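Colleague: Data file query.pdb (PDB, C-alpha atoms) is appended below.
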MODEL        1
ATOM      1  CA  MET P   1      29.254  52.193 -54.428
ATOM      2  CA  VAL P   2      29.111  53.603 -50.910
ATOM      3  CA  PRO P   3      31.963  52.267 -48.805
ATOM      4  CA  PRO P   4      30.785  50.383 -45.719
ATOM      5  CA  ILE P   5      30.724  52.425 -42.547
ATOM      6  CA  ASN P   6      32.637  51.068 -39.617
ATOM      7  CA  ARG P   7      30.161  52.118 -36.964
ATOM      8  CA  GLN P   8      32.298  50.809 -34.128
ATOM      9  CA  ASN P   9      35.080  53.229 -35.012
ATOM     10  CA  ASN P  10      32.803  56.252 -34.932
ATOM     11  CA  PRO P  11      31.067  56.680 -31.590
ATOM     12  CA  ASN P  12      28.926  59.422 -33.123
ATOM     13  CA  SER P  13      27.463  57.132 -35.796
ATOM     14  CA  MET P  14      23.779  56.441 -35.380
ATOM     15  CA  SER P  15      21.826  53.922 -37.405
ATOM     16  CA  VAL P  16      18.066  54.128 -37.923
ATOM     17  CA  LYS P  17      15.888  51.996 -40.176
ATOM     18  CA  ARG P  18      12.251  52.909 -40.772
ATOM     19  CA  TYR P  19       9.450  51.877 -43.133
ATOM     20  CA  PHE P  20       7.230  54.469 -44.763
ATOM     21  CA  LYS P  21       3.987  53.839 -46.614
ATOM     22  CA  PHE P  22       3.655  56.273 -49.478
ATOM     23  CA  GLU P  23       2.057  55.168 -52.777
ATOM     24  CA  LYS P  24       4.487  52.258 -52.368
ATOM     25  CA  MET P  25       6.521  50.995 -49.418
ATOM     26  CA  VAL P  26       9.852  52.681 -48.850
ATOM     27  CA  CYS P  27      12.409  51.610 -46.257
ATOM     28  CA  VAL P  28      15.135  54.073 -45.326
ATOM     29  CA  ASP P  29      18.201  52.668 -43.575
ATOM     30  CA  LEU P  30      20.161  55.712 -42.492
ATOM     31  CA  VAL P  31      23.534  56.015 -40.823
ATOM     32  CA  PHE P  32      24.472  59.507 -39.779
ATOM     33  CA  ASP P  33      27.018  61.325 -37.700
ATOM     34  CA  LYS P  34      25.278  62.801 -34.683
ATOM     35  CA  SER P  35      28.001  65.329 -33.992
ATOM     36  CA  THR P  36      27.943  66.853 -37.475
ATOM     37  CA  ASP P  37      24.391  65.894 -38.524
ATOM     38  CA  THR P  38      25.655  64.539 -41.835
ATOM     39  CA  ILE P  39      24.670  61.429 -43.740
ATOM     40  CA  GLN P  40      27.253  58.644 -43.652
ATOM     41  CA  SER P  41      25.237  56.136 -45.635
ATOM     42  CA  VAL P  42      21.686  55.554 -46.733
ATOM     43  CA  LYS P  43      19.984  52.539 -48.270
ATOM     44  CA  ILE P  44      16.590  53.099 -49.881
ATOM     45  CA  THR P  45      14.658  49.908 -50.535
ATOM     46  CA  GLY P  46      11.065  49.033 -51.312
ATOM     47  CA  ASP P  47       8.521  48.082 -53.951
ATOM     48  CA  PHE P  48       8.547  51.422 -55.778
ATOM     49  CA  PHE P  49       9.413  52.097 -59.419
ATOM     50  CA  LEU P  50      12.198  54.300 -60.735
ATOM     51  CA  HIS P  51      13.434  54.468 -64.327
ATOM     52  CA  PRO P  52      16.330  54.197 -64.898
ATOM     53  CA  GLU P  53      16.688  51.843 -61.945
ATOM     54  CA  GLU P  54      20.426  52.431 -61.547
ATOM     55  CA  THR P  55      19.665  55.971 -60.355
ATOM     56  CA  ILE P  56      19.078  54.562 -56.871
ATOM     57  CA  ASP P  57      22.757  53.626 -56.597
ATOM     58  CA  LEU P  58      23.693  57.142 -57.643
ATOM     59  CA  ILE P  59      21.374  58.665 -55.036
ATOM     60  CA  GLU P  60      22.802  56.460 -52.291
ATOM     61  CA  SER P  61      26.363  57.430 -53.125
ATOM     62  CA  GLU P  62      25.850  61.109 -53.941
ATOM     63  CA  ILE P  63      23.848  61.868 -50.820
ATOM     64  CA  VAL P  64      26.670  60.818 -48.503
ATOM     65  CA  GLY P  65      28.092  63.837 -46.703
ATOM     66  CA  THR P  66      24.901  65.881 -47.072
ATOM     67  CA  LYS P  67      23.744  67.663 -43.949
ATOM     68  CA  LEU P  68      20.498  66.333 -42.511
ATOM     69  CA  GLU P  69      18.382  69.320 -43.455
ATOM     70  CA  LYS P  70      15.303  68.778 -45.556
ATOM     71  CA  ASP P  71      15.952  71.549 -48.078
ATOM     72  CA  LEU P  72      19.502  70.345 -48.749
ATOM     73  CA  ILE P  73      18.412  66.734 -49.195
ATOM     74  CA  LYS P  74      15.499  67.741 -51.410
ATOM     75  CA  LYS P  75      17.737  69.864 -53.619
ATOM     76  CA  LYS P  76      20.167  66.977 -54.007
ATOM     77  CA  LEU P  77      17.367  64.539 -54.876
ATOM     78  CA  GLU P  78      15.829  66.987 -57.345
ATOM     79  CA  SER P  79      19.065  67.251 -59.238
ATOM     80  CA  LEU P  80      19.657  63.470 -59.259
ATOM     81  CA  LEU P  81      16.082  62.609 -60.246
ATOM     82  CA  SER P  82      15.546  65.367 -62.799
ATOM     83  CA  CYS P  83      15.505  63.010 -65.794
ATOM     84  CA  CYS P  84      13.842  60.041 -64.089
ATOM     85  CA  GLU P  85      10.379  58.538 -64.057
ATOM     86  CA  LEU P  86       9.389  57.874 -60.471
ATOM     87  CA  TYR P  87       6.380  56.167 -58.955
ATOM     88  CA  GLY P  88       5.757  55.202 -55.348
ATOM     89  CA  PHE P  89       7.075  58.243 -53.514
ATOM     90  CA  SER P  90       7.824  61.866 -54.226
ATOM     91  CA  ILE P  91      11.061  63.765 -53.782
ATOM     92  CA  ASP P  92       9.406  65.693 -50.973
ATOM     93  CA  SER P  93       8.197  62.550 -49.191
ATOM     94  CA  LEU P  94      11.588  60.852 -49.445
ATOM     95  CA  SER P  95      13.317  63.964 -48.094
ATOM     96  CA  ASP P  96      10.861  63.939 -45.192
ATOM     97  CA  ALA P  97      11.436  60.240 -44.604
ATOM     98  CA  ILE P  98      15.194  60.706 -44.294
ATOM     99  CA  ILE P  99      14.711  63.545 -41.817
ATOM    100  CA  LYS P 100      12.208  61.459 -39.843
ATOM    101  CA  CYS P 101      14.837  58.741 -39.434
ATOM    102  CA  LYS P 102      17.051  61.272 -37.739
ATOM    103  CA  GLU P 103      14.187  62.461 -35.558
ATOM    104  CA  ALA P 104      13.280  58.893 -34.649
ATOM    105  CA  ASP P 105      16.714  58.521 -33.147
ATOM    106  CA  SER P 106      16.178  61.508 -30.861
ATOM    107  CA  HIS P 107      12.920  60.107 -29.433
TER     108      HIS P 107
ATOM    109  CA  MET Q 108      16.365  31.452 -66.824
ATOM    110  CA  ASN Q 109      13.029  33.288 -67.166
ATOM    111  CA  MET Q 110      14.497  36.616 -66.100
ATOM    112  CA  ALA Q 111      17.430  36.066 -68.446
ATOM    113  CA  ILE Q 112      15.101  35.496 -71.407
ATOM    114  CA  ASP Q 113      13.212  38.684 -70.623
ATOM    115  CA  GLU Q 114      16.483  40.609 -70.420
ATOM    116  CA  TYR Q 115      17.623  39.085 -73.713
ATOM    117  CA  LEU Q 116      14.361  40.196 -75.345
ATOM    118  CA  ILE Q 117      14.853  43.808 -74.253
ATOM    119  CA  THR Q 118      18.226  44.009 -75.923
ATOM    120  CA  HIS Q 119      17.225  42.135 -79.093
ATOM    121  CA  ILE Q 120      13.697  43.352 -79.751
ATOM    122  CA  THR Q 121      12.870  44.486 -83.281
ATOM    123  CA  ASP Q 122       9.997  46.807 -84.177
ATOM    124  CA  THR Q 123       7.615  43.894 -83.573
ATOM    125  CA  PRO Q 124       6.473  43.660 -79.942
ATOM    126  CA  VAL Q 125       6.808  40.335 -78.150
ATOM    127  CA  PHE Q 126       4.280  38.914 -75.727
ATOM    128  CA  ARG Q 127       5.814  35.942 -73.954
ATOM    129  CA  ILE Q 128       3.809  33.453 -71.877
ATOM    130  CA  TYR Q 129       5.636  31.194 -69.454
ATOM    131  CA  GLY Q 130       5.607  29.140 -66.274
ATOM    132  CA  TRP Q 131       8.271  28.031 -63.787
ATOM    133  CA  SER Q 132       9.973  24.628 -63.663
ATOM    134  CA  ASN Q 133      10.607  25.120 -59.946
ATOM    135  CA  PRO Q 134       8.729  27.357 -57.482
ATOM    136  CA  CYS Q 135      10.478  30.703 -57.226
ATOM    137  CA  VAL Q 136      10.311  33.965 -55.315
ATOM    138  CA  SER Q 137      11.219  36.987 -57.399
ATOM    139  CA  ILE Q 138      12.115  40.214 -55.683
ATOM    140  CA  GLY Q 139      11.953  43.702 -57.134
ATOM    141  CA  TYR Q 140      15.065  45.590 -58.194
ATOM    142  CA  PHE Q 141      14.864  47.970 -55.221
ATOM    143  CA  GLN Q 142      13.897  45.496 -52.550
ATOM    144  CA  SER Q 143      16.139  44.273 -49.802
ATOM    145  CA  ILE Q 144      16.815  40.533 -49.735
ATOM    146  CA  ASN Q 145      15.555  40.830 -46.155
ATOM    147  CA  ASP Q 146      12.099  41.642 -47.523
ATOM    148  CA  ILE Q 147      11.659  37.909 -48.064
ATOM    149  CA  ASN Q 148      12.259  34.901 -45.842
ATOM    150  CA  PHE Q 149      15.368  33.720 -47.656
ATOM    151  CA  GLN Q 150      16.129  30.917 -45.212
ATOM    152  CA  LYS Q 151      12.621  29.536 -45.581
ATOM    153  CA  CYS Q 152      12.985  29.641 -49.381
ATOM    154  CA  LYS Q 153      16.149  27.578 -49.086
ATOM    155  CA  THR Q 154      14.520  25.067 -46.762
ATOM    156  CA  GLU Q 155      11.529  24.694 -49.074
ATOM    157  CA  THR Q 156      13.791  24.500 -52.176
ATOM    158  CA  VAL Q 157      12.164  27.592 -53.602
ATOM    159  CA  ASP Q 158      14.459  29.516 -55.967
ATOM    160  CA  VAL Q 159      15.104  33.210 -55.389
ATOM    161  CA  VAL Q 160      15.781  35.671 -58.193
ATOM    162  CA  ARG Q 161      16.110  39.441 -58.307
ATOM    163  CA  ARG Q 162      14.256  41.110 -61.176
ATOM    164  CA  ILE Q 163      15.422  44.044 -63.274
ATOM    165  CA  THR Q 164      12.019  45.591 -62.665
ATOM    166  CA  GLY Q 165      10.850  47.380 -59.548
ATOM    167  CA  GLY Q 166       7.792  46.411 -57.545
ATOM    168  CA  GLY Q 167       7.325  43.866 -54.795
ATOM    169  CA  SER Q 168       8.210  40.253 -54.149
ATOM    170  CA  VAL Q 169       6.188  37.554 -55.893
ATOM    171  CA  PHE Q 170       5.845  33.849 -55.178
ATOM    172  CA  HIS Q 171       5.694  32.034 -58.522
ATOM    173  CA  GLU Q 172       4.184  28.593 -58.297
ATOM    174  CA  LYS Q 173       0.790  27.807 -59.794
ATOM    175  CA  GLU Q 174       0.468  30.824 -62.016
ATOM    176  CA  LEU Q 175       0.815  32.061 -65.546
ATOM    177  CA  THR Q 176       3.573  34.592 -66.059
ATOM    178  CA  TYR Q 177       3.903  36.866 -69.053
ATOM    179  CA  SER Q 178       6.206  39.509 -70.366
ATOM    180  CA  PHE Q 179       5.517  42.206 -72.902
ATOM    181  CA  VAL Q 180       8.441  43.846 -74.677
ATOM    182  CA  SER Q 181       7.957  46.729 -77.070
ATOM    183  CA  ARG Q 182       9.614  49.767 -78.584
ATOM    184  CA  LYS Q 183       6.259  51.525 -78.777
ATOM    185  CA  TYR Q 184       4.509  52.380 -75.527
ATOM    186  CA  PRO Q 185       2.802  55.290 -73.787
ATOM    187  CA  PRO Q 186       5.495  57.382 -72.085
ATOM    188  CA  LYS Q 187       3.538  57.908 -68.875
ATOM    189  CA  ILE Q 188       3.952  55.036 -66.416
ATOM    190  CA  LEU Q 189       0.272  54.818 -65.506
ATOM    191  CA  ASP Q 190      -0.839  54.931 -69.154
ATOM    192  CA  SER Q 191       1.547  52.151 -70.131
ATOM    193  CA  TYR Q 192       0.407  49.879 -67.286
ATOM    194  CA  GLN Q 193      -3.206  50.548 -68.180
ATOM    195  CA  GLU Q 194      -2.724  49.758 -71.860
ATOM    196  CA  ILE Q 195      -0.766  46.543 -71.329
ATOM    197  CA  CYS Q 196      -2.969  45.323 -68.474
ATOM    198  CA  GLN Q 197      -5.930  45.702 -70.804
ATOM    199  CA  ILE Q 198      -4.660  42.533 -72.536
ATOM    200  CA  ILE Q 199      -5.050  40.656 -69.250
ATOM    201  CA  VAL Q 200      -8.362  42.221 -68.225
ATOM    202  CA  SER Q 201      -9.910  41.579 -71.613
ATOM    203  CA  GLY Q 202      -8.558  38.008 -71.724
ATOM    204  CA  LEU Q 203      -9.971  37.189 -68.297
ATOM    205  CA  HIS Q 204     -13.333  38.691 -69.301
ATOM    206  CA  THR Q 205     -13.579  36.113 -72.090
ATOM    207  CA  LEU Q 206     -13.215  33.431 -69.391
ATOM    208  CA  GLY Q 207     -16.142  34.940 -67.503
ATOM    209  CA  ILE Q 208     -13.953  36.578 -64.869
ATOM    210  CA  ASP Q 209     -14.819  40.149 -63.897
ATOM    211  CA  ALA Q 210     -11.224  41.351 -63.742
ATOM    212  CA  LYS Q 211     -10.274  44.993 -63.303
ATOM    213  CA  PHE Q 212      -7.108  47.016 -63.665
ATOM    214  CA  SER Q 213      -6.274  48.503 -60.253
ATOM    215  CA  PRO Q 214      -3.665  51.237 -60.597
ATOM    216  CA  LEU Q 215      -0.839  51.280 -60.524
ATOM    217  CA  ASN Q 216       0.051  47.715 -61.325
ATOM    218  CA  ASP Q 217      -2.496  45.190 -60.081
ATOM    219  CA  ILE Q 218      -5.237  43.070 -61.593
ATOM    220  CA  THR Q 219      -8.117  42.465 -59.195
ATOM    221  CA  VAL Q 220     -11.295  40.407 -59.057
ATOM    222  CA  ASP Q 221     -13.916  41.428 -56.481
ATOM    223  CA  GLY Q 222     -11.353  43.769 -54.955
ATOM    224  CA  LYS Q 223      -8.788  41.019 -54.407
ATOM    225  CA  LYS Q 224      -5.450  40.836 -56.171
ATOM    226  CA  VAL Q 225      -5.103  38.036 -58.709
ATOM    227  CA  GLY Q 226      -2.168  39.486 -60.601
ATOM    228  CA  GLY Q 227       0.666  41.992 -60.380
ATOM    229  CA  ASN Q 228       2.871  43.742 -62.903
ATOM    230  CA  ALA Q 229       6.260  45.426 -62.982
ATOM    231  CA  GLN Q 230       8.051  47.447 -65.654
ATOM    232  CA  THR Q 231      11.421  48.660 -66.701
ATOM    233  CA  ARG Q 232      12.500  50.774 -69.637
ATOM    234  CA  LYS Q 233      15.918  50.378 -71.176
ATOM    235  CA  ASN Q 234      17.184  52.195 -74.278
ATOM    236  CA  ASP Q 235      13.648  53.144 -75.305
ATOM    237  CA  VAL Q 236      12.376  49.594 -74.903
ATOM    238  CA  LEU Q 237       9.684  48.754 -72.375
ATOM    239  CA  LEU Q 238       9.513  45.436 -70.540
ATOM    240  CA  GLN Q 239       6.516  44.597 -68.415
ATOM    241  CA  HIS Q 240       6.286  41.292 -66.641
ATOM    242  CA  GLY Q 241       3.181  40.170 -64.869
ATOM    243  CA  THR Q 242       1.533  37.236 -63.199
ATOM    244  CA  ILE Q 243      -1.918  35.717 -63.001
ATOM    245  CA  LEU Q 244      -2.548  33.505 -59.975
ATOM    246  CA  LEU Q 245      -4.203  30.286 -61.074
ATOM    247  CA  GLU Q 246      -4.097  28.641 -57.642
ATOM    248  CA  VAL Q 247      -2.608  30.057 -54.494
ATOM    249  CA  ASN Q 248      -1.338  28.431 -51.336
ATOM    250  CA  LYS Q 249      -1.574  31.488 -49.101
ATOM    251  CA  GLU Q 250       0.069  29.837 -46.090
ATOM    252  CA  LYS Q 251       3.112  28.958 -48.169
ATOM    253  CA  MET Q 252       3.132  32.308 -49.984
ATOM    254  CA  PHE Q 253       3.092  34.381 -46.812
ATOM    255  CA  SER Q 254       5.620  32.169 -45.084
ATOM    256  CA  LEU Q 255       8.079  33.059 -47.857
ATOM    257  CA  LEU Q 256       7.215  36.727 -48.349
ATOM    258  CA  LYS Q 257       7.355  39.338 -45.633
ATOM    259  CA  VAL Q 258       4.697  42.041 -45.581
ATOM    260  CA  PRO Q 259       5.672  45.058 -43.473
ATOM    261  CA  ALA Q 260       3.074  45.936 -40.847
ATOM    262  CA  GLU Q 261       2.883  49.462 -42.289
ATOM    263  CA  LYS Q 262       1.557  48.119 -45.572
ATOM    264  CA  ILE Q 263      -1.223  46.137 -43.981
ATOM    265  CA  SER Q 264      -2.397  48.737 -41.502
ATOM    266  CA  ASP Q 265      -2.608  51.401 -44.181
ATOM    267  CA  LYS Q 266      -5.067  49.338 -46.160
ATOM    268  CA  LYS Q 267      -7.061  48.739 -42.968
ATOM    269  CA  ILE Q 268      -6.953  45.016 -43.438
ATOM    270  CA  SER Q 269      -5.674  42.972 -40.552
ATOM    271  CA  ASP Q 270      -4.690  40.009 -42.678
ATOM    272  CA  ALA Q 271      -2.765  40.489 -45.935
ATOM    273  CA  LYS Q 272      -3.853  37.043 -47.051
ATOM    274  CA  TYR Q 273      -7.369  38.355 -47.467
ATOM    275  CA  ARG Q 274      -6.298  40.617 -50.318
ATOM    276  CA  VAL Q 275      -4.997  37.806 -52.526
ATOM    277  CA  SER Q 276      -7.114  35.472 -54.602
ATOM    278  CA  GLN Q 277      -6.899  33.065 -57.526
ATOM    279  CA  ILE Q 278      -8.786  32.668 -60.783
ATOM    280  CA  SER Q 279      -9.126  28.835 -60.742
ATOM    281  CA  LYS Q 280      -8.508  28.334 -64.478
ATOM    282  CA  THR Q 281      -5.880  26.210 -66.166
ATOM    283  CA  PHE Q 282      -2.656  27.571 -67.629
ATOM    284  CA  ASP Q 283      -3.793  26.650 -71.146
ATOM    285  CA  GLN Q 284      -7.199  28.298 -70.747
ATOM    286  CA  VAL Q 285      -5.609  31.567 -69.674
ATOM    287  CA  ALA Q 286      -2.867  31.375 -72.312
ATOM    288  CA  GLU Q 287      -5.442  30.956 -75.087
ATOM    289  CA  SER Q 288      -7.538  33.820 -73.748
ATOM    290  CA  LEU Q 289      -4.505  36.117 -73.735
ATOM    291  CA  LYS Q 290      -3.613  35.250 -77.326
ATOM    292  CA  ASP Q 291      -7.150  36.143 -78.405
ATOM    293  CA  SER Q 292      -7.086  39.262 -76.282
ATOM    294  CA  LEU Q 293      -3.909  40.523 -77.962
ATOM    295  CA  LYS Q 294      -5.681  40.493 -81.313
ATOM    296  CA  LEU Q 295      -8.710  42.213 -79.829
ATOM    297  CA  VAL Q 296      -6.901  44.915 -77.870
ATOM    298  CA  PHE Q 297      -4.240  45.797 -80.446
ATOM    299  CA  GLY Q 298      -6.075  44.729 -83.606
ATOM    300  CA  CYS Q 299      -2.979  42.787 -84.614
ATOM    301  CA  GLN Q 300      -2.005  39.347 -85.861
ATOM    302  CA  THR Q 301      -0.048  37.101 -83.522
ATOM    303  CA  VAL Q 302       2.729  34.816 -84.706
ATOM    304  CA  PRO Q 303       3.814  32.019 -82.322
ATOM    305  CA  THR Q 304       7.570  31.754 -82.039
ATOM    306  CA  THR Q 305      10.251  30.169 -79.872
ATOM    307  CA  LEU Q 306      13.860  31.069 -79.200
ATOM    308  CA  LYS Q 307      16.485  29.642 -81.542
ATOM    309  CA  GLN Q 308      19.331  27.558 -80.158
ATOM    310  CA  ASP Q 309      21.880  30.390 -80.309
ATOM    311  CA  GLU Q 310      19.416  32.727 -78.600
ATOM    312  CA  LEU Q 311      18.869  30.165 -75.862
ATOM    313  CA  GLU Q 312      22.623  29.912 -75.386
ATOM    314  CA  SER Q 313      22.816  33.696 -74.938
ATOM    315  CA  CYS Q 314      20.013  33.527 -72.372
ATOM    316  CA  LYS Q 315      21.797  30.758 -70.491
ATOM    317  CA  LYS Q 316      24.887  32.940 -70.301
ATOM    318  CA  ILE Q 317      22.873  35.860 -68.886
ATOM    319  CA  ALA Q 318      21.258  33.468 -66.390
ATOM    320  CA  LYS Q 319      24.641  32.157 -65.267
ATOM    321  CA  ASP Q 320      26.522  35.466 -65.205
ATOM    322  CA  LYS Q 321      23.797  37.592 -63.669
ATOM    323  CA  TYR Q 322      20.715  35.909 -62.268
ATOM    324  CA  SER Q 323      22.565  33.017 -60.597
ATOM    325  CA  ASN Q 324      25.213  35.361 -59.280
ATOM    326  CA  PRO Q 325      24.891  36.138 -55.537
ATOM    327  CA  ASP Q 326      26.266  39.646 -56.210
ATOM    328  CA  TRP Q 327      23.069  40.363 -58.140
ATOM    329  CA  THR Q 328      20.659  38.489 -55.868
ATOM    330  CA  PHE Q 329      22.041  40.063 -52.700
ATOM    331  CA  LYS Q 330      22.656  43.443 -54.334
ATOM    332  CA  ARG Q 331      20.385  45.184 -51.836
TER     333      ARG Q 331
ENDMDL
END
Please re-express this file's structure in structure tokens.
Modeller:
Amino acid sequence: MVPPINRQNNPNSMSVKRYFKFEKMVCVDLVFDKSTDTIQSVKITGDFFLHPEETIDLIESEIVGTKLEKDLIKKKLESLLSCCELYGFSIDSLSDAIIKCKEADSH
Amino acid sequence: MNMAIDEYLITHITDTPVFRIYGWSNPCVSIGYFQSINDINFQKCKTETVDVVRRITGGGSVFHEKELTYSFVSRKYPPKILDSYQEICQIIVSGLHTLGIDAKFSPLNDITVDGKKVGGNAQTRKNDVLLQHGTILLEVNKEKMFSLLKVPAEKISDKKISDAKYRVSQISKTFDQVAESLKDSLKLVFGCQTVPTTLKQDELESCKKIAKDKYSNPDWTFKR
């Protein structure tokens, strides 16, 4: 499991939560370090389907520390989802969604 | 208890598929495996004494009250997600046709009548066993349903419908009428015999344990 982030102790931590409508709804709750542009935690929720379901926990833990660059996130997701059945979003759309959370913060 | 029975069936299924038909002793909101508990109005559920349970299947939140619920558990199923939904939902579509209802399968996982949703489905696959649960709305109290479930604005606007309530409907048949139609439909769709069965006492005890240890456990309900 991803350890909880103490946002108060890191002045560079930014938290953004956004909903995305792909084939299914996906909500990305992202906490990232603004100074290093790295993911501190991410929660991906929604009414999508993913088999095996437990893969979502793996994604949320393994993606921590990844730099907020689409290609890096996509590569990580591709490796974690290589043996999964997924319906409701694509690897590309989820990578985009995570990046858009970061961009939303800058607007 | 219903979710516990379905989980028990996945781990104890033989080569014979099981189609289980059930209702709910108390109104309940079930939420999908990946959903946040904040996707429903949990406080309102408590106030209205509506149970809340997290499913082992994905998909969206469902308010179970006046409906027929079913689960299909099988070792044999089409590997592609869409194909498997289509094949299993054919049981429902065909059953409703025999009741004079022009039901359609609406990919990925809905059953619709006149373009409105009357049923939803959700699957999981564990150790080469497929579980699909689904619902058929017999009667729906939309005010109550939408006071318990939250529908993100993004979902509504995308479908260009200002009111999510418009997309939900009911089939206005009794539980027994629908149950009988589904039993007949199973024979028709799969060309098989059906054998009515119930859980034995020791099986029920195992289900109760799963219900207590997992589905009544806040760690599971509030997992996300």
Colleague: Select from chain Q every residue with an atom at most 7 Å from any atom of chain P, then for each give the shortest pair of atoms and their distance in Å to one decimal, using only C-alpha atoms, rows by chain and rising number, as JSON lines.
Modeller:
{"residue": "Q:Gly139", "atom": "CA", "partner": "P:Asp47", "partner_atom": "CA", "distance": 6.4}
{"residue": "Q:Phe141", "atom": "CA", "partner": "P:Thr45", "partner_atom": "CA", "distance": 5.1}
{"residue": "Q:Gln142", "atom": "CA", "partner": "P:Gly46", "partner_atom": "CA", "distance": 4.7}
{"residue": "Q:Ser143", "atom": "CA", "partner": "P:Thr45", "partner_atom": "CA", "distance": 5.9}
{"residue": "Q:Gly165", "atom": "CA", "partner": "P:Phe49", "partner_atom": "CA", "distance": 4.9}
{"residue": "Q:Gly166", "atom": "CA", "partner": "P:Asp47", "partner_atom": "CA", "distance": 4.0}
{"residue": "Q:Gly167", "atom": "CA", "partner": "P:Asp47", "partner_atom": "CA", "distance": 4.5}
{"residue": "Q:Thr231", "atom": "CA", "partner": "P:His51", "partner_atom": "CA", "distance": 6.6}
{"residue": "Q:Arg232", "atom": "CA", "partner": "P:His51", "partner_atom": "CA", "distance": 6.5}
{"residue": "Q:Glu261", "atom": "CA", "partner": "P:Lys21", "partner_atom": "CA", "distance": 6.3}
{"residue": "Q:Lys262", "atom": "CA", "partner": "P:Lys21", "partner_atom": "CA", "distance": 6.3}
Colleague: Taking the file as I've supplied it (selection: the PyMOL selection byres ((chain Q and resi 305) around 12)), which residues are included? Please answer as a PyMOL selection string.
Modeller: chain Q and resi 112+116+125-129+302-304+306-311
Colleague: For P:Asp29, please output as a list in words all residues within 6 Å (counting all atoms listed in the file; exclusion window: fewer than 2 positions along the same chain).
Modeller: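 So, after excluding close chain neighbours, the residues are Val16, Lys17, Val42 and Lys43 of chain P.
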Colleague: Quick one: distance from atom CA of P:Asn12 to atom CA of P:Asp92 in Å, one decimal?
Modeller: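 Here the two named atoms are 27.2 Å from each other.
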Colleague: Hey, can you check how far atom CA of Q:Phe149 sits from atom CA of Q:Phe282?
Modeller: 27.6 Å
Colleague: Given the file shown, determine the residues that the PyMOL selection byres ((chain Q and resi 169-175) around 10) selects; report them as a PDB file with C-alpha atoms, in the frame of the given file.
Modeller:
ATOM      1  CA  ILE Q 128       3.809  33.453 -71.877  1.00  0.00           C
ATOM      2  CA  TYR Q 129       5.636  31.194 -69.454  1.00  0.00           C
ATOM      3  CA  GLY Q 130       5.607  29.140 -66.274  1.00  0.00           C
ATOM      4  CA  TRP Q 131       8.271  28.031 -63.787  1.00  0.00           C
ATOM      5  CA  SER Q 132       9.973  24.628 -63.663  1.00  0.00           C
ATOM      6  CA  ASN Q 133      10.607  25.120 -59.946  1.00  0.00           C
ATOM      7  CA  PRO Q 134       8.729  27.357 -57.482  1.00  0.00           C
ATOM      8  CA  CYS Q 135      10.478  30.703 -57.226  1.00  0.00           C
ATOM      9  CA  VAL Q 136      10.311  33.965 -55.315  1.00  0.00           C
ATOM     10  CA  SER Q 137      11.219  36.987 -57.399  1.00  0.00           C
ATOM     11  CA  ILE Q 138      12.115  40.214 -55.683  1.00  0.00           C
ATOM     12  CA  GLY Q 139      11.953  43.702 -57.134  1.00  0.00           C
ATOM     13  CA  ILE Q 147      11.659  37.909 -48.064  1.00  0.00           C
ATOM     14  CA  VAL Q 157      12.164  27.592 -53.602  1.00  0.00           C
ATOM     15  CA  ASP Q 158      14.459  29.516 -55.967  1.00  0.00           C
ATOM     16  CA  VAL Q 159      15.104  33.210 -55.389  1.00  0.00           C
ATOM     17  CA  GLY Q 166       7.792  46.411 -57.545  1.00  0.00           C
ATOM     18  CA  GLY Q 167       7.325  43.866 -54.795  1.00  0.00           C
ATOM     19  CA  SER Q 168       8.210  40.253 -54.149  1.00  0.00           C
ATOM     20  CA  THR Q 176       3.573  34.592 -66.059  1.00  0.00           C
ATOM     21  CA  TYR Q 177       3.903  36.866 -69.053  1.00  0.00           C
ATOM     22  CA  VAL Q 225      -5.103  38.036 -58.709  1.00  0.00           C
ATOM     23  CA  GLY Q 226      -2.168  39.486 -60.601  1.00  0.00           C
ATOM     24  CA  GLY Q 227       0.666  41.992 -60.380  1.00  0.00           C
ATOM     25  CA  ASN Q 228       2.871  43.742 -62.903  1.00  0.00           C
ATOM     26  CA  GLY Q 241       3.181  40.170 -64.869  1.00  0.00           C
ATOM     27  CA  THR Q 242       1.533  37.236 -63.199  1.00  0.00           C
ATOM     28  CA  ILE Q 243      -1.918  35.717 -63.001  1.00  0.00           C
ATOM     29  CA  LEU Q 244      -2.548  33.505 -59.975  1.00  0.00           C
ATOM     30  CA  LEU Q 245      -4.203  30.286 -61.074  1.00  0.00           C
ATOM     31  CA  GLU Q 246      -4.097  28.641 -57.642  1.00  0.00           C
ATOM     32  CA  VAL Q 247      -2.608  30.057 -54.494  1.00  0.00           C
ATOM     33  CA  ASN Q 248      -1.338  28.431 -51.336  1.00  0.00           C
ATOM     34  CA  LYS Q 249      -1.574  31.488 -49.101  1.00  0.00           C
ATOM     35  CA  LYS Q 251       3.112  28.958 -48.169  1.00  0.00           C
ATOM     36  CA  MET Q 252       3.132  32.308 -49.984  1.00  0.00           C
ATOM     37  CA  PHE Q 253       3.092  34.381 -46.812  1.00  0.00           C
ATOM     38  CA  LEU Q 255       8.079  33.059 -47.857  1.00  0.00           C
ATOM     39  CA  LEU Q 256       7.215  36.727 -48.349  1.00  0.00           C
ATOM     40  CA  GLN Q 277      -6.899  33.065 -57.526  1.00  0.00           C
ATOM     41  CA  ILE Q 278      -8.786  32.668 -60.783  1.00  0.00           C
ATOM     42  CA  SER Q 279      -9.126  28.835 -60.742  1.00  0.00           C
ATOM     43  CA  LYS Q 280      -8.508  28.334 -64.478  1.00  0.00           C
ATOM     44  CA  THR Q 281      -5.880  26.210 -66.166  1.00  0.00           C
ATOM     45  CA  PHE Q 282      -2.656  27.571 -67.629  1.00  0.00           C
ATOM     46  CA  ASP Q 283      -3.793  26.650 -71.146  1.00  0.00           C
ATOM     47  CA  VAL Q 285      -5.609  31.567 -69.674  1.00  0.00           C
ATOM     48  CA  ALA Q 286      -2.867  31.375 -72.312  1.00  0.00           C
TER      49      ALA Q 286
END
